[in-house]
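Structure data follow from run.tsv (TSV, C-alpha atoms):
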chain	number	residue	atom	x	y	z
A	1	MET	CA	-28.49	-21.86	5.62
A	2	ARG	CA	-25.24	-23.44	4.55
A	3	ARG	CA	-23.80	-23.17	8.04
A	4	ARG	CA	-26.97	-24.66	9.54
A	5	MET	CA	-26.78	-27.64	7.18
A	6	ARG	CA	-23.15	-28.17	8.14
A	7	PHE	CA	-23.99	-28.22	11.86
A	8	ILE	CA	-26.83	-30.68	11.28
A	9	LYS	CA	-24.43	-32.90	9.37
A	10	GLN	CA	-21.86	-32.72	12.19
A	11	ILE	CA	-24.47	-33.62	14.84
A	12	PHE	CA	-25.70	-36.47	12.66
A	13	VAL	CA	-22.15	-37.85	12.31
A	14	LEU	CA	-21.50	-37.47	16.03
A	15	CYS	CA	-24.77	-39.13	17.06
A	16	GLY	CA	-24.13	-41.87	14.49
A	17	LEU	CA	-20.76	-42.66	16.09
A	18	PHE	CA	-22.36	-42.78	19.55
A	19	ALA	CA	-25.08	-45.09	18.30
A	20	ALA	CA	-22.63	-47.35	16.43
A	21	LEU	CA	-20.27	-47.78	19.39
A	22	PHE	CA	-23.17	-48.31	21.85
A	23	SER	CA	-24.79	-50.90	19.58
A	24	TYR	CA	-21.48	-52.66	19.15
A	25	ALA	CA	-20.98	-52.76	22.93
A	26	MET	CA	-24.54	-54.02	23.56
A	27	PHE	CA	-24.50	-56.79	20.96
A	28	GLN	CA	-20.84	-57.78	21.19
A	29	GLY	CA	-20.41	-57.45	24.95
A	30	GLY	CA	-17.11	-57.97	26.64
A	31	PHE	CA	-14.46	-55.63	27.97
A	32	VAL	CA	-13.06	-54.44	24.64
A	33	SER	CA	-16.34	-53.22	23.14
A	34	TRP	CA	-17.39	-51.36	26.30
A	35	PHE	CA	-13.88	-49.93	26.67
A	36	LEU	CA	-14.15	-48.45	23.17
A	37	PHE	CA	-17.53	-46.91	23.99
A	38	TYR	CA	-16.47	-45.37	27.29
A	39	SER	CA	-13.16	-44.16	25.82
A	40	PHE	CA	-15.00	-42.32	23.07
A	41	LEU	CA	-17.62	-40.90	25.45
A	42	PRO	CA	-15.58	-37.92	26.86
A	43	PHE	CA	-14.34	-36.95	23.40
A	44	GLY	CA	-17.84	-37.18	21.97
A	45	LEU	CA	-19.30	-35.09	24.77
A	46	TYR	CA	-16.50	-32.55	24.25
A	47	SER	CA	-17.43	-32.33	20.55
A	48	LEU	CA	-21.07	-31.88	21.48
A	49	ALA	CA	-20.11	-29.09	23.90
A	50	ILE	CA	-18.33	-27.24	21.07
A	51	ILE	CA	-21.49	-27.46	18.96
A	52	ILE	CA	-23.65	-25.82	21.62
A	53	TYR	CA	-21.03	-23.31	22.79
A	54	PRO	CA	-22.12	-19.64	22.13
A	55	PHE	CA	-19.16	-18.92	19.92
A	56	HIS	CA	-20.76	-15.88	18.30
A	57	ARG	CA	-20.73	-14.03	21.63
A	58	ALA	CA	-16.94	-13.92	21.71
A	59	SER	CA	-15.46	-10.40	21.78
A	60	VAL	CA	-12.63	-9.80	19.29
A	61	ARG	CA	-10.34	-6.79	19.08
A	62	ARG	CA	-7.66	-6.04	16.47
A	63	MET	CA	-4.68	-3.83	17.32
A	64	ILE	CA	-2.38	-2.62	14.55
A	65	HIS	CA	0.78	-1.17	16.06
A	66	GLN	CA	1.53	1.35	13.32
A	67	ARG	CA	-0.50	3.42	10.87
A	68	ARG	CA	1.98	4.49	8.21
A	69	TYR	CA	3.83	1.98	6.07
A	70	HIS	CA	5.97	1.91	2.96
A	71	ALA	CA	6.14	-0.91	0.45
A	72	GLY	CA	8.25	-3.76	1.77
A	73	ASP	CA	7.66	-2.91	5.44
A	74	SER	CA	6.31	-5.43	7.95
A	75	LEU	CA	2.99	-5.01	9.76
A	76	THR	CA	2.65	-6.22	13.35
A	77	GLU	CA	-0.87	-7.00	14.48
A	78	THR	CA	-2.33	-8.31	17.74
A	79	VAL	CA	-5.70	-10.06	17.92
A	80	GLU	CA	-7.31	-10.19	21.36
A	81	VAL	CA	-10.18	-12.63	21.98
A	82	ARG	CA	-12.44	-12.70	25.06
A	83	PHE	CA	-14.84	-15.65	25.37
A	84	PRO	CA	-18.23	-15.30	27.12
A	85	VAL	CA	-17.76	-18.58	29.03
A	86	TRP	CA	-14.53	-20.37	29.92
A	87	PHE	CA	-13.95	-23.46	27.83
A	88	PRO	CA	-10.83	-25.55	27.14
A	89	PHE	CA	-10.44	-25.40	23.36
A	90	ALA	CA	-8.24	-28.08	21.81
A	91	ALA	CA	-7.38	-25.85	18.85
A	92	MET	CA	-8.36	-22.40	17.60
A	93	THR	CA	-7.76	-20.99	14.14
A	94	ILE	CA	-7.56	-17.21	13.65
A	95	GLU	CA	-7.97	-16.04	10.08
A	96	GLU	CA	-7.59	-12.44	8.88
A	97	ASN	CA	-9.47	-11.70	5.68
A	98	ASP	CA	-8.21	-8.91	3.42
A	99	VAL	CA	-10.53	-7.86	0.62
A	100	SER	CA	-8.62	-4.84	-0.67
A	101	THR	CA	-8.02	-4.24	-4.36
A	102	LEU	CA	-4.39	-5.27	-4.05
A	103	LYS	CA	-4.64	-8.62	-2.34
A	104	MET	CA	-2.32	-9.55	0.46
A	105	THR	CA	-1.78	-13.13	1.53
A	106	GLN	CA	-4.47	-14.23	3.97
A	107	THR	CA	-3.26	-14.73	7.50
A	108	LYS	CA	-4.38	-18.05	8.97
A	109	THR	CA	-2.89	-19.31	12.23
A	110	THR	CA	-3.85	-22.31	14.33
A	111	ILE	CA	-3.21	-22.09	18.08
A	112	PRO	CA	-3.36	-25.36	20.06
A	113	PHE	CA	-4.77	-25.78	23.57
A	114	ILE	CA	-6.35	-22.50	24.66
A	115	TRP	CA	-7.20	-22.70	28.36
A	116	LYS	CA	-7.84	-19.02	29.12
A	117	LYS	CA	-11.03	-17.02	28.90
A	118	THR	CA	-9.05	-14.17	27.33
A	119	PHE	CA	-6.06	-14.64	25.10
A	120	SER	CA	-4.13	-12.63	22.50
A	121	TYR	CA	-1.97	-13.54	19.57
A	122	THR	CA	0.56	-11.35	17.74
A	123	TYR	CA	1.71	-12.05	14.21
A	124	GLU	CA	3.57	-10.24	11.46
A	125	LEU	CA	2.76	-9.61	7.81
A	126	ARG	CA	5.99	-9.18	5.88
A	127	GLU	CA	6.75	-7.44	2.59
A	128	LEU	CA	3.60	-5.33	2.44
A	129	PRO	CA	2.69	-4.43	-1.14
A	130	ARG	CA	2.01	-0.82	-2.08
A	131	GLY	CA	-1.67	0.09	-1.93
A	132	GLU	CA	-4.73	0.79	0.20
A	133	HIS	CA	-5.61	-2.35	2.14
A	134	VAL	CA	-8.92	-2.89	3.91
A	135	PHE	CA	-9.15	-5.52	6.64
A	136	THR	CA	-12.81	-6.39	7.05
A	137	ALA	CA	-13.24	-9.38	9.33
A	138	ILE	CA	-11.62	-11.91	11.64
A	139	ARG	CA	-12.82	-15.50	11.55
A	140	LEU	CA	-12.46	-17.73	14.61
A	141	THR	CA	-12.71	-21.49	14.12
A	142	ALA	CA	-12.67	-24.14	16.86
A	143	THR	CA	-12.38	-27.88	16.26
A	144	ASP	CA	-12.53	-31.00	18.39
A	145	PHE	CA	-9.78	-33.58	18.82
A	146	PHE	CA	-10.80	-35.65	15.80
A	147	GLY	CA	-11.80	-32.85	13.45
A	148	ILE	CA	-15.39	-34.10	13.34
A	149	VAL	CA	-16.92	-30.85	14.63
A	150	GLU	CA	-15.93	-27.38	13.43
A	151	LYS	CA	-17.51	-24.25	14.89
A	152	ASP	CA	-16.73	-20.79	13.57
A	153	SER	CA	-17.80	-17.17	13.89
A	154	VAL	CA	-17.03	-14.07	11.81
A	155	HIS	CA	-16.38	-10.76	13.57
A	156	LEU	CA	-16.59	-7.65	11.41
A	157	LEU	CA	-13.72	-5.31	12.25
A	158	GLU	CA	-13.08	-2.99	9.32
A	159	GLU	CA	-9.76	-1.20	9.31
A	160	THR	CA	-7.79	0.47	6.52
A	161	ILE	CA	-4.06	0.96	6.18
A	162	ILE	CA	-2.18	2.87	3.48
A	163	VAL	CA	1.07	1.41	2.22
A	164	TYR	CA	2.95	4.24	0.53
A	165	PRO	CA	5.57	3.64	-2.15
A	166	ARG	CA	9.19	3.24	-1.28
A	167	TYR	CA	11.39	6.18	-2.09
A	168	ILE	CA	15.09	6.86	-2.38
A	169	ASP	CA	16.13	9.30	0.29
A	170	ILE	CA	18.19	11.50	-2.01
A	171	ALA	CA	19.50	15.00	-1.53
A	172	TYR	CA	19.23	17.84	-4.02
A	173	ARG	CA	22.68	17.13	-5.49
A	174	LYS	CA	21.69	13.51	-6.00
A	175	VAL	CA	18.66	14.53	-8.09
A	176	ARG	CA	20.90	16.53	-10.39
A	177	TYR	CA	23.39	13.65	-10.44
A	178	TYR	CA	20.72	11.34	-11.88
A	179	ALA	CA	20.17	13.73	-14.75
A	180	GLU	CA	23.80	14.68	-15.30
A	181	GLN	CA	25.04	11.10	-15.35
A	182	GLY	CA	22.50	10.13	-17.98
A	183	ILE	CA	23.24	9.77	-21.67
A	184	ALA	CA	22.65	13.51	-22.00
A	185	ALA	CA	23.10	16.16	-19.34
A	186	SER	CA	19.99	17.68	-17.81
A	187	SER	CA	19.44	21.37	-17.19
A	188	LEU	CA	16.36	20.71	-15.11
A	189	PRO	CA	15.96	23.63	-12.68
A	190	LEU	CA	15.35	22.53	-9.10
A	191	HIS	CA	15.82	25.85	-7.35
A	192	ARG	CA	13.74	28.52	-5.76
A	193	ASP	CA	15.01	31.80	-4.43
A	194	MET	CA	13.54	32.55	-1.03
A	195	THR	CA	16.01	35.18	0.11
A	196	MET	CA	13.77	38.26	-0.12
A	197	ALA	CA	10.28	38.45	1.35
A	198	VAL	CA	8.17	41.35	0.03
A	199	GLY	CA	5.04	40.97	2.15
A	200	VAL	CA	2.75	38.71	4.12
A	201	ARG	CA	-0.58	37.07	3.44
A	202	GLU	CA	-3.01	34.78	5.29
A	203	TYR	CA	-1.82	31.22	5.83
A	204	ALA	CA	-3.31	28.69	3.41
A	205	PRO	CA	-3.33	24.87	3.74
A	206	GLY	CA	-0.17	23.48	2.17
A	207	ASP	CA	2.05	26.46	3.05
A	208	ARG	CA	5.29	25.50	4.74
A	209	PHE	CA	5.43	26.21	8.50
A	210	SER	CA	8.98	27.49	8.12
A	211	LEU	CA	7.59	30.43	6.09
A	212	ILE	CA	5.15	31.62	8.78
A	213	HIS	CA	5.72	35.25	9.81
A	214	TRP	CA	5.29	34.95	13.56
A	215	LYS	CA	5.40	38.66	14.39
A	216	ALA	CA	2.69	39.48	11.85
A	217	SER	CA	0.68	36.49	13.07
A	218	ALA	CA	0.85	37.78	16.66
A	219	ARG	CA	-0.26	41.26	15.58
A	220	LYS	CA	-3.24	40.04	13.54
A	221	LEU	CA	-4.12	37.07	15.81
A	222	GLN	CA	-4.08	34.68	12.85
A	223	LEU	CA	-1.40	32.78	10.99
A	224	MET	CA	0.35	34.82	8.31
A	225	THR	CA	2.91	33.52	5.83
A	226	LYS	CA	5.68	35.33	3.99
A	227	GLU	CA	5.34	36.30	0.34
A	228	PHE	CA	8.35	36.43	-1.95
A	229	GLU	CA	9.19	38.20	-5.14
A	230	GLU	CA	7.51	36.84	-8.25
A	231	ARG	CA	9.45	33.82	-9.38
A	232	GLN	CA	10.37	32.86	-12.87
A	233	GLN	CA	7.83	30.33	-14.08
A	234	ASP	CA	10.60	28.13	-15.44
A	235	ASP	CA	11.31	27.13	-11.83
A	236	ASP	CA	8.09	25.07	-11.96
A	237	VAL	CA	8.36	21.33	-12.59
A	238	VAL	CA	5.67	18.92	-13.78
A	239	VAL	CA	6.32	15.19	-13.38
A	240	VAL	CA	4.51	12.91	-15.84
A	241	LEU	CA	4.34	9.21	-14.91
A	242	ASP	CA	4.05	6.56	-17.62
A	243	ARG	CA	1.21	4.20	-16.65
A	244	THR	CA	1.33	1.88	-19.63
A	245	PRO	CA	1.61	-1.78	-18.49
A	246	THR	CA	5.19	-2.74	-17.62
A	247	SER	CA	7.01	-5.12	-15.28
A	248	LEU	CA	9.08	-2.17	-14.01
A	249	PHE	CA	6.10	-0.15	-12.80
A	250	GLU	CA	7.08	-0.41	-9.12
A	251	GLU	CA	10.50	1.02	-10.00
A	252	LEU	CA	8.79	3.88	-11.87
A	253	VAL	CA	6.62	4.65	-8.85
A	254	THR	CA	9.65	4.52	-6.55
A	255	PHE	CA	11.59	7.01	-8.66
A	256	ALA	CA	8.55	9.27	-9.11
A	257	ALA	CA	8.02	9.38	-5.33
A	258	SER	CA	11.72	10.07	-4.77
A	259	PHE	CA	11.90	12.83	-7.37
A	260	VAL	CA	8.74	14.62	-6.23
A	261	ARG	CA	9.80	14.43	-2.59
A	262	ALA	CA	13.28	15.81	-3.32
A	263	ALA	CA	11.88	18.65	-5.44
A	264	ILE	CA	9.20	19.77	-2.96
A	265	GLN	CA	11.53	19.57	0.03
A	266	HIS	CA	13.88	21.94	-1.76
A	267	GLY	CA	11.23	24.55	-2.43
A	268	VAL	CA	10.39	23.68	-6.05
A	269	GLN	CA	6.80	24.21	-7.11
A	270	THR	CA	5.89	20.76	-8.42
A	271	GLY	CA	2.96	19.40	-10.43
A	272	PHE	CA	2.16	15.79	-11.16
A	273	VAL	CA	0.31	14.08	-14.03
A	274	SER	CA	-0.86	10.47	-14.05
A	275	VAL	CA	-3.00	9.23	-16.95
A	276	GLY	CA	-4.48	5.74	-17.12
A	277	GLU	CA	-8.09	4.61	-16.89
A	278	ASN	CA	-8.45	7.74	-14.79
A	279	ARG	CA	-6.65	11.04	-15.33
A	280	VAL	CA	-5.18	12.53	-12.15
A	281	VAL	CA	-3.53	15.94	-12.24
A	282	PHE	CA	-1.98	17.77	-9.29
A	283	PRO	CA	-1.40	21.46	-9.99
A	284	VAL	CA	1.98	23.13	-9.53
A	285	ARG	CA	2.23	23.69	-5.80
A	286	ASN	CA	4.50	23.17	-2.83
A	287	GLY	CA	4.24	22.13	0.80
A	288	ASP	CA	3.85	19.01	2.89
A	289	PHE	CA	0.11	18.71	2.25
A	290	HIS	CA	0.71	18.72	-1.51
A	291	LEU	CA	3.41	16.06	-1.11
A	292	GLN	CA	1.08	13.86	0.94
A	293	GLN	CA	-1.62	14.10	-1.74
A	294	ILE	CA	0.80	12.94	-4.43
A	295	PHE	CA	2.13	10.15	-2.21
A	296	TYR	CA	-1.41	8.93	-1.55
A	297	HIS	CA	-2.04	8.75	-5.28
A	298	LEU	CA	1.24	6.89	-5.80
A	299	ALA	CA	0.20	4.42	-3.09
A	300	THR	CA	-2.84	3.31	-5.09
A	301	VAL	CA	-1.89	3.94	-8.73
A	302	VAL	CA	-1.75	1.00	-11.18
A	303	CYS	CA	-0.40	0.65	-14.70
A	304	ASP	CA	-3.69	0.52	-16.58
A	305	SER	CA	-3.25	3.11	-19.34
A	306	GLN	CA	-4.77	2.12	-22.69
A	307	GLU	CA	-3.25	5.01	-24.63
A	308	SER	CA	0.38	5.37	-25.56
A	309	PHE	CA	2.66	7.54	-23.45
A	310	ALA	CA	3.45	9.60	-26.54
A	311	HIS	CA	-0.23	10.56	-26.84
A	312	VAL	CA	-0.34	11.49	-23.15
A	313	ILE	CA	2.73	13.71	-23.60
A	314	SER	CA	1.28	15.51	-26.62
A	315	THR	CA	-2.03	16.11	-24.83
A	316	GLU	CA	-0.58	17.32	-21.55
A	317	LYS	CA	1.82	19.79	-23.17
A	318	VAL	CA	-1.16	21.76	-24.45
A	319	ASN	CA	-2.65	22.18	-20.97
A	320	TRP	CA	0.37	23.74	-19.26
A	321	PRO	CA	2.34	26.98	-19.71
A	322	SER	CA	5.20	26.68	-22.18
A	323	THR	CA	7.71	27.74	-19.51
A	324	VAL	CA	7.03	24.76	-17.23
A	325	ALA	CA	9.81	22.16	-17.08
A	326	PHE	CA	8.52	18.65	-17.71
A	327	CYS	CA	9.99	15.40	-16.36
A	328	TYR	CA	8.84	12.17	-17.98
A	329	ILE	CA	9.34	8.94	-16.05
A	330	THR	CA	9.08	5.82	-18.20
A	331	SER	CA	10.57	2.37	-18.72
A	332	TYR	CA	10.32	2.35	-22.53
A	333	LEU	CA	11.58	4.94	-24.99
A	334	SER	CA	9.56	4.49	-28.17
A	335	GLU	CA	10.17	6.22	-31.48
A	336	GLU	CA	6.62	7.60	-31.30
A	337	MET	CA	7.48	9.25	-27.98
A	338	ALA	CA	10.74	10.67	-29.35
A	339	LEU	CA	8.94	12.15	-32.36
A	340	ALA	CA	6.20	13.61	-30.14
A	341	LEU	CA	8.81	15.44	-28.05
A	342	SER	CA	10.94	16.52	-31.01
A	343	LYS	CA	7.95	18.08	-32.81
A	344	LEU	CA	7.27	20.49	-29.97
A	345	PRO	CA	8.00	24.15	-30.83
A	346	ASP	CA	11.41	25.47	-29.82
A	347	ARG	CA	9.82	27.95	-27.44
A	348	VAL	CA	8.48	25.07	-25.39
A	349	HIS	CA	10.69	23.57	-22.67
A	350	LYS	CA	10.82	20.01	-24.00
A	351	GLY	CA	11.84	18.53	-20.69
A	352	THR	CA	13.88	15.66	-19.35
A	353	VAL	CA	13.18	11.95	-19.80
A	354	PHE	CA	14.09	9.60	-16.97
A	355	LEU	CA	14.34	6.14	-18.52
A	356	ILE	CA	14.30	3.31	-15.94
A	357	LYS	CA	15.94	0.58	-17.98
A	358	GLU	CA	18.80	-1.90	-17.68
A	359	ASP	CA	19.71	-2.41	-21.35
A	360	LEU	CA	18.55	-0.28	-24.26
A	361	THR	CA	17.03	-1.89	-27.33
A	362	LYS	CA	17.98	-0.87	-30.86
A	363	GLU	CA	14.77	1.16	-31.18
A	364	GLU	CA	15.48	2.94	-27.91
A	365	ARG	CA	19.00	3.87	-29.00
A	366	HIS	CA	17.61	5.27	-32.23
A	367	SER	CA	14.97	7.24	-30.29
A	368	LEU	CA	17.70	8.48	-27.99
A	369	GLU	CA	19.62	9.95	-30.93
A	370	ILE	CA	16.47	11.73	-32.13
A	371	LEU	CA	15.97	13.31	-28.70
A	372	ARG	CA	19.64	14.26	-28.38
A	373	ARG	CA	19.57	16.13	-31.69
A	374	LYS	CA	16.41	17.99	-30.63
A	375	GLY	CA	17.84	19.04	-27.27
A	376	VAL	CA	15.73	16.74	-25.10
A	377	HIS	CA	17.76	15.45	-22.17
A	378	VAL	CA	17.61	11.75	-21.26
A	379	ALA	CA	18.88	10.12	-18.06
A	380	VAL	CA	19.06	6.31	-18.06
A	381	ILE	CA	18.76	4.78	-14.59
A	382	SER	CA	19.33	1.10	-13.85
A	383	PRO	CA	16.43	-0.67	-12.09
A	384	ARG	CA	19.03	-2.28	-9.84
A	385	ASN	CA	19.56	1.12	-8.25
A	386	MET	CA	15.85	1.22	-7.48
A	387	THR	CA	16.32	-2.01	-5.52
A	388	THR	CA	19.59	-1.41	-3.73
A	389	LEU	CA	18.85	2.19	-2.77
A	390	ARG	CA	15.23	1.79	-1.70
A	391	LYS	CA	14.43	3.27	1.66
A	392	GLY	CA	11.24	3.94	3.54
A	393	GLY	CA	10.50	6.70	5.98
A	394	ASP	CA	8.23	9.63	6.37
A	395	GLY	CA	7.18	10.98	3.01
Write-out of the structure in structure tokens:
Amino acid sequence: MRRRMRFIKQIFVLCGLFAALFSYAMFQGGFVSWFLFYSFLPFGLYSLAIIIYPFHRASVRRMIHQRRYHAGDSLTETVEVRFPVWFPFAAMTIEENDVSTLKMTQTKTTIPFIWKKTFSYTYELRELPRGEHVFTAIRLTATDFFGIVEKDSVHLLEETIIVYPRYIDIAYRKVRYYAEQGIAASSLPLHRDMTMAVGVREYAPGDRFSLIHWKASARKLQLMTKEFEERQQDDDVVVVLDRTPTSLFEELVTFAASFVRAAIQHGVQTGFVSVGENRVVFPVRNGDFHLQQIFYHLATVVCDSQESFAHVISTEKVNWPSTVAFCYITSYLSEEMALALSKLPDRVHKGTVFLIKEDLTKEERHSLEILRRKGVHVAVISPRNMTTLRKGGDG
């Protein structure tokens, strides 16, 4: 209804200009008045042609040249438009609408003088933010020379892209370096002994392809994977991400993605806990599929927790075996958190705290002393390292 009223208004304005110039020429007479009328006539007819042009019958296709992105990457997109009837458009505006939860800047480009029945335009979206982004529609808008008439059409083309978090491409020794160069040394175990296989079992989703027993698979005509001696449970690691609101949340996500990736790629059974408005828990597992699940969660997670990180720590400790090694990733070391960790029984592995912070406050230094006396290891990491060492790639 709104669009119809706009078109009626445009026709009324156009017809009014025709009538005004014709009346002026009839009553005034002379060369100048008729020159004005006949000079406006082709432009007016062109505007009228845009109004009656079947713009909605245009065929639009979107081509995104890549499917996997990391935060900060650039997206290259090509929009191809095929018109039902050839028409010389003075100007065409292409607008990409994004209605995802994490808004990206709308793309709006005006292309002058389109003389082809089929044309394409390629543009680039830079500095993609982390998240799941849904492109729903492309709007085409054509205007006349004077901007009196504007004709548009919306073409629904839904497409989703996932922008995964950035990660630091660190090796196993680098993970230990982060802990050992902190204010207290970390004894976090990131090791799994895979030297002695004791049997085979059926392949399960998430198992590493490097562990497939090909001879047994050939004999049984199905994929079989190697089984190893029972591991010590203290090889297991659970990463707990602080989702309380903070300006350093992107740095926390970057380090969490880096740590989990490094651990899983080196054979460590890794769990992940993320508590905010929703509670997401990934059990202690290994493999590429498990890593992809965690990375997908990190692509969409937001800092929306209403409860303190200390409360999350106390609650989660109850739900896991006492031999599991915990890693807490946070940007604020509160006294409440220090007391929650220090009150844990001695038989419980109290874990390692990775504090992403530039300068410690007085309260944080006091909390640090409490944790040091209770044997909780703390590694302080500068956010500048999260910026200078960021790197994308295949998670």
Residues at most 9 Å from A:Leu223, counting all atoms listed in the file, excluding those fewer than 2 positions away in the same chain, as a PyMOL selection string?
chain A and resi 201-204+212-214+216-218+220-221+225
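Reported to one decimal place, the separation of atom CA of A:Ala338 from atom CA of A:Ile168 is 27.6 Å.
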For the atom pair atom CA of A:Ile11 and atom CA of A:Leu48, what is the interatomic distance in Å to one decimal place?
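Spanning atom CA of A:Ile11 to atom CA of A:Leu48 is a straight-line distance of 7.7 Å.
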Identify which of the residues A:Glu77, A:Glu250, A:Asp242, A:Asp288 lies closest to A:Tyr332, counting only C-alpha atoms when measuring atom-to-atom distances.
A:Asp242
A:Val239 surroundings by all atoms listed in the file, 12 Å radius, close-in-sequence under 5 positions cut, as JSON, numbers by chain:
{"A": [188, 252, 253, 255, 256, 257, 258, 259, 260, 261, 263, 264, 268, 269, 270, 271, 272, 273, 274, 275, 280, 281, 282, 283, 284, 294, 313, 316, 317, 320, 324, 325, 326, 327, 328, 329, 330, 351, 352, 353, 354]}
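Excluding A:Lys116 itself and same-chain residues fewer than 3 positions from it, the residues having an atom within 10 Å of it are A:Val81, A:Arg82, A:Phe83, A:Val85, A:Trp86, A:Phe87, A:Pro88, A:Phe89, A:Phe113, A:Phe119, A:Ser120, counting only C-alpha atoms.
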Where's the centre, and what are the edge lengths in Å to one decimal, of a box along x, y and z enclosing all listed atoms of stretch 62-73 of chain A padded 6 Å per side, as lines of an AutoDock Vina configuration file?
center_x = 0.3
center_y = -0.8
center_z = 8.9
size_x = 27.9
size_y = 22.5
size_z = 28.9
Here is a test: counting only C-alpha atoms, which residue of A:Leu157, A:Ser59, A:Val302, A:Gly30 is nearest to A:Phe135?
A:Leu157
Atom CA of A:Asp359 to atom CA of A:Ala379 measures 13.0 Å
